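Data from data.cif: mmCIF, N, CA and C atoms
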data_input
#
loop_
_atom_site.group_PDB
_atom_site.id
_atom_site.type_symbol
_atom_site.label_atom_id
_atom_site.label_comp_id
_atom_site.auth_asym_id
_atom_site.auth_seq_id
_atom_site.Cartn_x
_atom_site.Cartn_y
_atom_site.Cartn_z
ATOM 1 N N MET A 1 87.435 -68.058 -166.101
ATOM 2 C CA MET A 1 86.982 -69.422 -166.220
ATOM 3 C C MET A 1 87.699 -70.313 -165.196
ATOM 4 N N ILE A 2 88.952 -70.028 -164.936
ATOM 5 C CA ILE A 2 89.704 -70.819 -163.965
ATOM 6 C C ILE A 2 89.079 -70.686 -162.578
ATOM 7 N N THR A 3 88.709 -69.468 -162.183
ATOM 8 C CA THR A 3 88.121 -69.268 -160.856
ATOM 9 C C THR A 3 86.737 -69.900 -160.748
ATOM 10 N N ALA A 4 86.091 -70.191 -161.878
ATOM 11 C CA ALA A 4 84.792 -70.865 -161.873
ATOM 12 C C ALA A 4 84.942 -72.383 -161.836
ATOM 13 N N GLY A 5 86.193 -72.887 -161.815
ATOM 14 C CA GLY A 5 86.413 -74.318 -161.687
ATOM 15 C C GLY A 5 86.764 -75.031 -162.975
ATOM 16 N N PHE A 6 86.940 -74.311 -164.049
ATOM 17 C CA PHE A 6 87.305 -74.941 -165.312
ATOM 18 C C PHE A 6 88.817 -75.109 -165.395
ATOM 19 N N HIS A 7 89.266 -76.134 -166.095
ATOM 20 C CA HIS A 7 90.682 -76.305 -166.374
ATOM 21 C C HIS A 7 90.812 -76.511 -167.882
ATOM 22 N N ARG A 8 92.031 -76.438 -168.389
ATOM 23 C CA ARG A 8 92.270 -76.459 -169.833
ATOM 24 C C ARG A 8 91.386 -75.423 -170.521
ATOM 25 N N ALA A 9 91.274 -74.257 -169.920
ATOM 26 C CA ALA A 9 90.414 -73.205 -170.434
ATOM 27 C C ALA A 9 91.218 -72.248 -171.295
ATOM 28 N N GLY A 10 90.560 -71.698 -172.285
ATOM 29 C CA GLY A 10 91.239 -70.710 -173.098
ATOM 30 C C GLY A 10 90.408 -70.245 -174.270
ATOM 31 N N LEU A 11 90.913 -69.236 -174.929
ATOM 32 C CA LEU A 11 90.296 -68.684 -176.122
ATOM 33 C C LEU A 11 90.638 -69.579 -177.306
ATOM 34 N N ARG A 12 89.619 -70.043 -178.024
ATOM 35 C CA ARG A 12 89.855 -70.921 -179.177
ATOM 36 C C ARG A 12 89.907 -70.161 -180.490
ATOM 37 N N ALA A 13 88.958 -69.245 -180.701
ATOM 38 C CA ALA A 13 88.914 -68.545 -181.985
ATOM 39 C C ALA A 13 88.001 -67.339 -181.886
ATOM 40 N N TYR A 14 88.216 -66.394 -182.769
ATOM 41 C CA TYR A 14 87.296 -65.274 -182.923
ATOM 42 C C TYR A 14 86.284 -65.639 -183.993
ATOM 43 N N THR A 15 85.038 -65.207 -183.808
ATOM 44 C CA THR A 15 83.980 -65.569 -184.753
ATOM 45 C C THR A 15 83.896 -64.612 -185.931
ATOM 46 N N GLY A 16 84.440 -63.415 -185.788
ATOM 47 C CA GLY A 16 84.315 -62.421 -186.839
ATOM 48 C C GLY A 16 83.047 -61.592 -186.709
ATOM 49 N N PHE A 17 82.156 -61.963 -185.787
ATOM 50 C CA PHE A 17 80.921 -61.223 -185.556
ATOM 51 C C PHE A 17 81.225 -60.023 -184.673
ATOM 52 N N LYS A 18 80.940 -58.831 -185.157
ATOM 53 C CA LYS A 18 81.238 -57.607 -184.406
ATOM 54 C C LYS A 18 79.936 -56.934 -184.010
ATOM 55 N N THR A 19 79.791 -56.669 -182.719
ATOM 56 C CA THR A 19 78.591 -56.005 -182.222
ATOM 57 C C THR A 19 78.791 -54.505 -182.102
ATOM 58 N N SER A 20 80.026 -54.051 -182.177
ATOM 59 C CA SER A 20 80.359 -52.632 -182.172
ATOM 60 C C SER A 20 81.792 -52.511 -182.677
ATOM 61 N N PRO A 21 82.288 -51.298 -182.879
ATOM 62 C CA PRO A 21 83.681 -51.161 -183.320
ATOM 63 C C PRO A 21 84.688 -51.668 -182.285
ATOM 64 N N TYR A 22 84.237 -51.904 -181.053
ATOM 65 C CA TYR A 22 85.152 -52.283 -179.977
ATOM 66 C C TYR A 22 84.979 -53.717 -179.474
ATOM 67 N N THR A 23 83.980 -54.428 -179.967
ATOM 68 C CA THR A 23 83.748 -55.792 -179.476
ATOM 69 C C THR A 23 83.673 -56.778 -180.636
ATOM 70 N N GLU A 24 84.120 -58.005 -180.376
ATOM 71 C CA GLU A 24 84.064 -59.064 -181.386
ATOM 72 C C GLU A 24 83.754 -60.383 -180.684
ATOM 73 N N GLY A 25 82.904 -61.183 -181.295
ATOM 74 C CA GLY A 25 82.544 -62.473 -180.728
ATOM 75 C C GLY A 25 83.738 -63.412 -180.688
ATOM 76 N N ALA A 26 83.760 -64.279 -179.698
ATOM 77 C CA ALA A 26 84.860 -65.227 -179.552
ATOM 78 C C ALA A 26 84.324 -66.535 -178.986
ATOM 79 N N LEU A 27 85.039 -67.618 -179.251
ATOM 80 C CA LEU A 27 84.698 -68.940 -178.729
ATOM 81 C C LEU A 27 85.721 -69.342 -177.688
ATOM 82 N N PHE A 28 85.243 -69.742 -176.525
ATOM 83 C CA PHE A 28 86.111 -70.192 -175.444
ATOM 84 C C PHE A 28 85.853 -71.667 -175.187
ATOM 85 N N TYR A 29 86.830 -72.348 -174.640
ATOM 86 C CA TYR A 29 86.716 -73.772 -174.321
ATOM 87 C C TYR A 29 87.206 -73.986 -172.897
ATOM 88 N N GLY A 30 86.571 -74.897 -172.193
ATOM 89 C CA GLY A 30 87.030 -75.263 -170.864
ATOM 90 C C GLY A 30 86.404 -76.579 -170.452
ATOM 91 N N GLU A 31 87.085 -77.296 -169.591
ATOM 92 C CA GLU A 31 86.562 -78.557 -169.066
ATOM 93 C C GLU A 31 86.369 -78.409 -167.571
ATOM 94 N N LYS A 32 85.311 -78.998 -167.078
ATOM 95 C CA LYS A 32 85.032 -78.942 -165.651
ATOM 96 C C LYS A 32 84.831 -80.364 -165.150
ATOM 97 N N LEU A 33 85.516 -80.701 -164.080
ATOM 98 C CA LEU A 33 85.397 -82.041 -163.519
ATOM 99 C C LEU A 33 84.042 -82.215 -162.848
ATOM 100 N N VAL A 34 83.516 -83.422 -162.902
ATOM 101 C CA VAL A 34 82.232 -83.744 -162.291
ATOM 102 C C VAL A 34 82.495 -84.663 -161.116
ATOM 103 N N ASP A 35 81.915 -84.348 -159.953
ATOM 104 C CA ASP A 35 82.143 -85.209 -158.792
ATOM 105 C C ASP A 35 81.361 -86.520 -158.936
ATOM 106 N N LEU A 36 81.712 -87.508 -158.133
ATOM 107 C CA LEU A 36 81.127 -88.849 -158.255
ATOM 108 C C LEU A 36 79.620 -88.852 -158.040
ATOM 109 N N LYS A 37 79.129 -88.022 -157.134
ATOM 110 C CA LYS A 37 77.697 -87.969 -156.868
ATOM 111 C C LYS A 37 76.947 -87.503 -158.126
ATOM 112 N N ALA A 38 77.496 -86.501 -158.790
ATOM 113 C CA ALA A 38 76.873 -86.009 -160.022
ATOM 114 C C ALA A 38 76.969 -87.051 -161.129
ATOM 115 N N GLN A 39 78.096 -87.757 -161.222
ATOM 116 C CA GLN A 39 78.246 -88.797 -162.242
ATOM 117 C C GLN A 39 77.197 -89.885 -162.053
ATOM 118 N N ASP A 40 76.936 -90.277 -160.808
ATOM 119 C CA ASP A 40 75.914 -91.288 -160.534
ATOM 120 C C ASP A 40 74.540 -90.789 -160.967
ATOM 121 N N ALA A 41 74.229 -89.520 -160.671
ATOM 122 C CA ALA A 41 72.937 -88.953 -161.059
ATOM 123 C C ALA A 41 72.796 -88.925 -162.572
ATOM 124 N N ILE A 42 73.850 -88.555 -163.268
ATOM 125 C CA ILE A 42 73.807 -88.519 -164.730
ATOM 126 C C ILE A 42 73.625 -89.925 -165.285
ATOM 127 N N ALA A 43 74.343 -90.895 -164.719
ATOM 128 C CA ALA A 43 74.267 -92.271 -165.203
ATOM 129 C C ALA A 43 72.864 -92.850 -165.029
ATOM 130 N N THR A 44 72.187 -92.530 -163.923
ATOM 131 C CA THR A 44 70.852 -93.080 -163.692
ATOM 132 C C THR A 44 69.806 -92.416 -164.574
ATOM 133 N N GLN A 45 70.090 -91.227 -165.095
ATOM 134 C CA GLN A 45 69.136 -90.517 -165.941
ATOM 135 C C GLN A 45 69.412 -90.715 -167.427
ATOM 136 N N THR A 46 70.481 -91.419 -167.744
ATOM 137 C CA THR A 46 70.864 -91.607 -169.134
ATOM 138 C C THR A 46 70.216 -92.863 -169.695
ATOM 139 N N VAL A 47 69.597 -92.725 -170.843
ATOM 140 C CA VAL A 47 68.984 -93.868 -171.515
ATOM 141 C C VAL A 47 69.888 -94.233 -172.681
ATOM 142 N N LEU A 48 70.375 -95.456 -172.675
ATOM 143 C CA LEU A 48 71.230 -95.907 -173.763
ATOM 144 C C LEU A 48 70.366 -96.263 -174.967
ATOM 145 N N VAL A 49 70.813 -95.866 -176.125
ATOM 146 C CA VAL A 49 70.083 -96.124 -177.362
ATOM 147 C C VAL A 49 70.723 -97.323 -178.043
ATOM 148 N N GLU A 50 69.872 -98.207 -178.566
ATOM 149 C CA GLU A 50 70.393 -99.363 -179.288
ATOM 150 C C GLU A 50 71.177 -98.905 -180.507
ATOM 151 N N GLU A 51 72.133 -99.714 -180.893
ATOM 152 C CA GLU A 51 72.916 -99.390 -182.085
ATOM 153 C C GLU A 51 71.994 -99.432 -183.296
ATOM 154 N N LEU A 52 72.145 -98.476 -184.196
ATOM 155 C CA LEU A 52 71.296 -98.420 -185.380
ATOM 156 C C LEU A 52 71.536 -99.630 -186.266
ATOM 157 N N LYS A 53 70.457 -100.138 -186.833
ATOM 158 C CA LYS A 53 70.551 -101.284 -187.730
ATOM 159 C C LYS A 53 70.566 -100.773 -189.164
ATOM 160 N N VAL A 54 71.500 -101.239 -189.942
ATOM 161 C CA VAL A 54 71.615 -100.830 -191.345
ATOM 162 C C VAL A 54 70.805 -101.809 -192.188
ATOM 163 N N VAL A 55 69.902 -101.255 -192.969
ATOM 164 C CA VAL A 55 69.090 -102.077 -193.857
ATOM 165 C C VAL A 55 69.461 -101.683 -195.278
ATOM 166 N N GLU A 56 69.913 -102.659 -196.040
ATOM 167 C CA GLU A 56 70.301 -102.376 -197.414
ATOM 168 C C GLU A 56 69.106 -102.516 -198.338
ATOM 169 N N CYS A 57 69.020 -101.605 -199.285
ATOM 170 C CA CYS A 57 67.947 -101.613 -200.271
ATOM 171 C C CYS A 57 68.535 -101.793 -201.647
ATOM 172 N N ALA A 58 67.753 -102.409 -202.507
ATOM 173 C CA ALA A 58 68.165 -102.556 -203.915
ATOM 174 C C ALA A 58 68.090 -101.192 -204.574
ATOM 175 N N PRO A 59 68.905 -100.969 -205.603
ATOM 176 C CA PRO A 59 68.847 -99.674 -206.296
ATOM 177 C C PRO A 59 67.431 -99.375 -206.774
ATOM 178 N N GLY A 60 66.968 -98.177 -206.477
ATOM 179 C CA GLY A 60 65.620 -97.756 -206.869
ATOM 180 C C GLY A 60 64.544 -98.247 -205.898
ATOM 181 N N GLY A 61 64.938 -99.048 -204.922
ATOM 182 C CA GLY A 61 63.966 -99.548 -203.949
ATOM 183 C C GLY A 61 63.792 -98.585 -202.802
ATOM 184 N N ALA A 62 62.861 -98.892 -201.928
ATOM 185 C CA ALA A 62 62.623 -98.030 -200.785
ATOM 186 C C ALA A 62 62.913 -98.750 -199.502
#
Mind converting the file's structure to structure tokens?
Amino acid sequence: MITAGFHRAGLRAYTGFKTSPYTEGALFYGEKLVDLKAQDAIATQTVLVEELKVVECAPGGA
């Protein structure tokens, strides 16, 4: 994972799922930095969602 550009990479946990007597599923974690050009592209494609409005109902109401 380090050679692929990830940092803070490592094994987090085993899943307990075994595909054979010699293999077991595992969860890995890693962070990869994003360059400024990619950040700009992501920002222009991101649609911000309005904050949800809470509507209170009377008991038994809809």
Just give me the gap between atom N of Arg8 in chain A and atom C of Val34 in chain A in Å, one decimal is fine.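 Answer for the atom N of Arg8 in chain A to atom C of Val34 in chain A separation: 14.5 Å.
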Would you please give, as a ChimeraX atom specification, all residues of chain A that DSSP assigns to helix (DSSP H, G or I) based on the backbone? /A:36-45
Apply the PyMOL selection byres (((chain A and resi 28-33 and name CA) around 9) and name CA) to the displayed file and report the matching residues as a PyMOL selection string. chain A and resi 1-2+4-13+26-27+34-35
Write out as a PyMOL selection string the set of residues from chain A that DSSP, computed on the backbone, places in strand (DSSP E). chain A and resi 6-20+23-32
Atom pair atom N of Lys37 in chain A / CA of Glu50 in chain A: separation (Å):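 Here the two named atoms are 26.4 Å from each other.
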